[in-house]
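Single-structure report; data block below.
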Amino acid sequence: MAQGQQVSDRPEDHLAPGGFVDSDAPAVREFAERSAGTEDDPVRRGAALFAAVRDGIWYDPFVISTDPEDYRASTVATTPRNWCVPKAVLLTAAARALDIPARLGFADVRNHLNTARLRAMMNGNDLFVYHGYTELWLDGRWVKATPAFNRELCARFGVDPIEFDGRHDALMHPYSGDGSEYMEYVTDHGPFADLPFDAIMATFRSTYGEAMFGGRSHAGSDEFTAPTSA
């Protein structure tokens with residue numbers, strides 16, 4: 001399905017496993033149960049899942065893959081580094097594994113906090129298409145949360161990490177710690193029941209070219225480079 005606007009708003013329609021949001025997979029269920037611990041309140045469970053995905057997987061935009069298998073939540077749950085779309089897939093699947101209705105959301109965002117290496121990978125573009133986030137049904141309404149940037153990475157850029165309390169939207173800050181522009185949401189594509197993999201890959205290729213998927217632009221290191229332990 002190419003248009004998020006066609007997706008049902010009924011929470012009961014967003015509990016079943018999907019092809020990428022494989023919430024019934026053992027790796028996803030183990031991740032969800034470990035992350036939530038003994039917490040039984042759905043709102044606090046949602047917040048705990050968010051924190052586990054945000055900080056348990058280092059945000060690395062240089063690991064973008066063209067293999068669909070790499071985007072299944074059961075695969076993402078075992079990776080030490082990943083980027084916003086797979087991390088959102090995992091959060092969505094982990095929520096469903098704990099009977100919290102959840103769906104994917106995507107937006108095009110303009111990133112004002114960048115590195116030369118990342119700009120090269122994006123062919124000089126500062127617009128991130130299909131930035132991934134999750135919508136969770138908590139306390140009677142849909143709330144949005146993006147688990148992309150982990151706490152340690154945010155500290156490198158002087159930006160507070162996004163916090164999610166399960167009751168309020170938790171999207172990217174518009175400003176960095178020093179008051180300069182950080183992230184600007186340009187286009188919201190709306191919600192999706194599962195990952196529109198083909199549409200994302202096609203848009204990446206038309207926007208950035210093949211440099212997005214590897215090659216010279218990925219060489220070297222910068223603020224996004226994970227420590228050797230990650």
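In the structure tokens, each chain is lettered A, B, ... as it comes, each chain's residues begin at 1, and ligands are numbered from 1 in order of appearance.
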Which stretch 89-145 of chain A residues have any atom within 12 Å of an atom of stretch 11-24 of chain A, and for each, what is the nearest pair of atoms with distance in Å to one decimal, counting only C-alpha atoms, rows sorted by chain and number, as JSON lines?
```
{"residue": "A:Val89", "atom": "CA", "partner": "A:Val21", "partner_atom": "CA", "distance": 5.9}
{"residue": "A:Leu90", "atom": "CA", "partner": "A:Val21", "partner_atom": "CA", "distance": 7.0}
{"residue": "A:Leu91", "atom": "CA", "partner": "A:Val21", "partner_atom": "CA", "distance": 9.0}
{"residue": "A:Thr92", "atom": "CA", "partner": "A:Val21", "partner_atom": "CA", "distance": 6.7}
{"residue": "A:Ala93", "atom": "CA", "partner": "A:Ser23", "partner_atom": "CA", "distance": 4.5}
{"residue": "A:Ala94", "atom": "CA", "partner": "A:Ser23", "partner_atom": "CA", "distance": 6.1}
{"residue": "A:Ala95", "atom": "CA", "partner": "A:Ser23", "partner_atom": "CA", "distance": 8.0}
{"residue": "A:Arg96", "atom": "CA", "partner": "A:Leu15", "partner_atom": "CA", "distance": 5.2}
{"residue": "A:Ala97", "atom": "CA", "partner": "A:Ser23", "partner_atom": "CA", "distance": 5.0}
{"residue": "A:Leu98", "atom": "CA", "partner": "A:Ser23", "partner_atom": "CA", "distance": 8.8}
{"residue": "A:Asp99", "atom": "CA", "partner": "A:Leu15", "partner_atom": "CA", "distance": 6.4}
{"residue": "A:Ile100", "atom": "CA", "partner": "A:Leu15", "partner_atom": "CA", "distance": 6.9}
{"residue": "A:Pro101", "atom": "CA", "partner": "A:Leu15", "partner_atom": "CA", "distance": 5.0}
{"residue": "A:Ala102", "atom": "CA", "partner": "A:His14", "partner_atom": "CA", "distance": 5.6}
{"residue": "A:Arg103", "atom": "CA", "partner": "A:His14", "partner_atom": "CA", "distance": 6.2}
{"residue": "A:Leu104", "atom": "CA", "partner": "A:Val21", "partner_atom": "CA", "distance": 9.1}
{"residue": "A:Thr134", "atom": "CA", "partner": "A:Val21", "partner_atom": "CA", "distance": 11.4}
{"residue": "A:Glu135", "atom": "CA", "partner": "A:His14", "partner_atom": "CA", "distance": 10.1}
{"residue": "A:Leu136", "atom": "CA", "partner": "A:Pro11", "partner_atom": "CA", "distance": 8.8}
{"residue": "A:Trp137", "atom": "CA", "partner": "A:Pro11", "partner_atom": "CA", "distance": 6.4}
{"residue": "A:Leu138", "atom": "CA", "partner": "A:Pro11", "partner_atom": "CA", "distance": 9.6}
{"residue": "A:Asp139", "atom": "CA", "partner": "A:Pro11", "partner_atom": "CA", "distance": 11.4}
{"residue": "A:Gly140", "atom": "CA", "partner": "A:Pro11", "partner_atom": "CA", "distance": 9.2}
{"residue": "A:Arg141", "atom": "CA", "partner": "A:Pro11", "partner_atom": "CA", "distance": 8.8}
{"residue": "A:Trp142", "atom": "CA", "partner": "A:Pro11", "partner_atom": "CA", "distance": 8.5}
{"residue": "A:Val143", "atom": "CA", "partner": "A:Pro11", "partner_atom": "CA", "distance": 11.8}
```
Checklist line | Residues flagged strand (DSSP E or B) by DSSP in chain A, as a VMD selection string | finding: chain A and resid 58 to 59 81 to 82 102 to 111 127 to 138 141 to 145 170 175 181 183 to 192
Kindly export the residues of the current selection with N, CA and C atoms, as a short mmCIF file (atom, residue, chain, number, x, y, z; two decimals), in the first residue's frame.
```
data_model
loop_
_atom_site.label_atom_id
_atom_site.label_comp_id
_atom_site.auth_asym_id
_atom_site.auth_seq_id
_atom_site.Cartn_x
_atom_site.Cartn_y
_atom_site.Cartn_z
N TRP A 58 22.31 1.65 18.29
CA TRP A 58 22.97 2.89 17.90
C TRP A 58 22.45 3.37 16.54
N TYR A 59 22.12 4.67 16.45
CA TYR A 59 21.64 5.21 15.18
C TYR A 59 22.82 5.38 14.22
N ARG A 81 23.52 -1.76 15.51
CA ARG A 81 23.45 -0.45 14.85
C ARG A 81 22.37 -0.50 13.78
N ASN A 82 21.63 0.60 13.65
CA ASN A 82 20.63 0.67 12.60
C ASN A 82 20.16 2.11 12.46
N ALA A 102 -0.20 -0.63 17.21
CA ALA A 102 0.87 0.24 16.72
C ALA A 102 0.93 0.17 15.20
N ARG A 103 1.37 1.25 14.60
CA ARG A 103 1.53 1.31 13.14
C ARG A 103 2.71 2.21 12.82
N LEU A 104 3.20 2.11 11.61
CA LEU A 104 4.34 2.90 11.17
C LEU A 104 3.89 4.25 10.62
N GLY A 105 4.76 5.25 10.75
CA GLY A 105 4.54 6.55 10.12
C GLY A 105 5.81 7.02 9.44
N PHE A 106 5.66 7.85 8.41
CA PHE A 106 6.83 8.34 7.68
C PHE A 106 6.65 9.81 7.33
N ALA A 107 7.76 10.52 7.38
CA ALA A 107 7.75 11.94 7.04
C ALA A 107 9.05 12.30 6.35
N ASP A 108 9.01 13.29 5.47
CA ASP A 108 10.23 13.86 4.90
C ASP A 108 10.67 14.99 5.83
N VAL A 109 11.91 14.94 6.29
CA VAL A 109 12.40 15.94 7.23
C VAL A 109 13.68 16.57 6.69
N ARG A 110 13.81 17.86 6.95
CA ARG A 110 15.04 18.56 6.56
C ARG A 110 15.95 18.61 7.76
N ASN A 111 17.13 18.05 7.61
CA ASN A 111 18.07 17.94 8.70
C ASN A 111 19.09 19.07 8.62
N LEU A 127 17.47 16.81 2.68
CA LEU A 127 16.11 16.33 2.93
C LEU A 127 16.15 14.83 3.10
N PHE A 128 15.76 14.36 4.28
CA PHE A 128 15.67 12.93 4.55
C PHE A 128 14.25 12.48 4.21
N VAL A 129 14.11 11.71 3.13
CA VAL A 129 12.78 11.23 2.76
C VAL A 129 12.46 9.96 3.54
N TYR A 130 11.21 9.77 3.84
CA TYR A 130 10.73 8.60 4.56
C TYR A 130 11.45 8.39 5.90
N HIS A 131 11.62 9.47 6.66
CA HIS A 131 12.06 9.32 8.05
C HIS A 131 11.00 8.52 8.79
N GLY A 132 11.42 7.49 9.51
CA GLY A 132 10.48 6.58 10.15
C GLY A 132 10.17 6.92 11.59
N TYR A 133 8.91 6.76 11.95
CA TYR A 133 8.49 6.87 13.35
C TYR A 133 7.39 5.85 13.60
N THR A 134 6.91 5.78 14.82
CA THR A 134 5.87 4.83 15.20
C THR A 134 4.70 5.58 15.81
N GLU A 135 3.50 5.11 15.51
CA GLU A 135 2.30 5.58 16.20
C GLU A 135 1.78 4.45 17.08
N LEU A 136 1.57 4.75 18.36
CA LEU A 136 1.07 3.75 19.31
C LEU A 136 -0.27 4.21 19.87
N TRP A 137 -1.18 3.27 20.05
CA TRP A 137 -2.48 3.57 20.63
C TRP A 137 -2.36 3.41 22.15
N LEU A 138 -2.29 4.55 22.84
CA LEU A 138 -2.10 4.55 24.28
C LEU A 138 -3.05 5.54 24.92
N ARG A 141 -5.73 7.13 22.46
CA ARG A 141 -5.45 7.93 21.26
C ARG A 141 -4.11 7.50 20.65
N TRP A 142 -3.91 7.88 19.39
CA TRP A 142 -2.65 7.62 18.70
C TRP A 142 -1.62 8.67 19.11
N VAL A 143 -0.44 8.22 19.53
CA VAL A 143 0.67 9.12 19.84
C VAL A 143 1.87 8.71 18.99
N LYS A 144 2.63 9.70 18.56
CA LYS A 144 3.76 9.48 17.67
C LYS A 144 5.08 9.53 18.44
N ALA A 145 5.99 8.65 18.06
CA ALA A 145 7.30 8.62 18.71
C ALA A 145 8.35 8.16 17.72
N ALA A 170 6.41 12.42 20.54
CA ALA A 170 7.85 12.57 20.76
C ALA A 170 8.54 12.49 19.41
N TYR A 175 15.03 22.55 17.23
CA TYR A 175 16.27 23.29 17.49
C TYR A 175 17.26 22.43 18.26
N GLU A 181 18.82 25.76 14.07
CA GLU A 181 17.85 24.84 13.48
C GLU A 181 18.41 23.42 13.47
N MET A 183 15.90 20.02 13.07
CA MET A 183 15.08 19.20 12.18
C MET A 183 13.81 19.96 11.82
N GLU A 184 13.41 19.86 10.57
CA GLU A 184 12.18 20.49 10.10
C GLU A 184 11.35 19.44 9.37
N TYR A 185 10.13 19.20 9.83
CA TYR A 185 9.24 18.26 9.17
C TYR A 185 8.61 18.94 7.96
N VAL A 186 8.84 18.38 6.78
CA VAL A 186 8.40 18.99 5.52
C VAL A 186 7.10 18.36 5.02
N THR A 187 7.08 17.03 4.96
CA THR A 187 5.91 16.29 4.46
C THR A 187 5.67 15.08 5.33
N ASP A 188 4.44 14.93 5.80
CA ASP A 188 4.08 13.74 6.56
C ASP A 188 3.31 12.80 5.64
N HIS A 189 3.82 11.60 5.45
CA HIS A 189 3.17 10.63 4.57
C HIS A 189 2.05 9.86 5.26
N GLY A 190 1.91 10.04 6.56
CA GLY A 190 0.84 9.38 7.27
C GLY A 190 1.18 7.98 7.72
N PRO A 191 0.19 7.27 8.27
CA PRO A 191 0.44 5.94 8.85
C PRO A 191 0.38 4.81 7.83
N PHE A 192 1.08 3.73 8.18
CA PHE A 192 1.13 2.52 7.36
C PHE A 192 1.00 1.32 8.29
#
```
Notebook entry, point to check: Quick one: distance from atom CA of A:Arg119 to atom CA of A:Arg54 in Å, one decimal?
Noted result: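 Answer for the atom CA of A:Arg119 to atom CA of A:Arg54 separation: 23.2 Å.
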Next item on the list: Determine which residues of chain A receive a DSSP assignment of helix (DSSP H, G or I), computed from the backbone, and state them as a count of residues only.
Entry: 90
Note to self: For a quick check of understanding, using only C-alpha atoms, which of A:Ser221, A:Thr79, A:Asn114, A:Thr146 has the smallest distance to A:Leu49?
What the structure shows: A:Thr146
Next item on the list: List the neighbours of A:Thr66 out to 10 Å using only C-alpha atoms; skip same-chain residues closer than 6 positions along the sequence, and give me the result as a PyMOL selection string.
Entry: chain A and resi 197-198+201+212-213
Given the selection you just returned, output its residues as a file containing C-alpha atoms, formatted as a compact mmCIF listing (two decimals), in the first residue's frame.
```txt
# COMPACT_ATOMS: atom_id res chain seq x y z
CA PHE A 197 9.67 -1.27 1.35
CA ASP A 198 9.51 -0.95 -2.44
CA MET A 201 13.77 2.05 -1.97
CA MET A 212 22.97 5.90 -0.54
CA PHE A 213 23.59 2.15 -0.54
```
Next item on the list: Find the spatial neighbours of A:Ala77, counting only C-alpha atoms, within a cut-off of 7 Å - ignore same-chain residues fewer than 4 positions away - and output them as a VMD selection string.
Entry: chain A and resid 27 to 28 31 73 90
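Atom pair atom CA of A:Gly56 / atom CA of A:Gly214: separated by 24.3 Å.
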Checklist line | Selected residue of minimal separation from A:Gly215 among A:Phe62, A:Phe164, A:Phe50, A:Tyr71, counting only C-alpha atoms | finding: A:Phe62
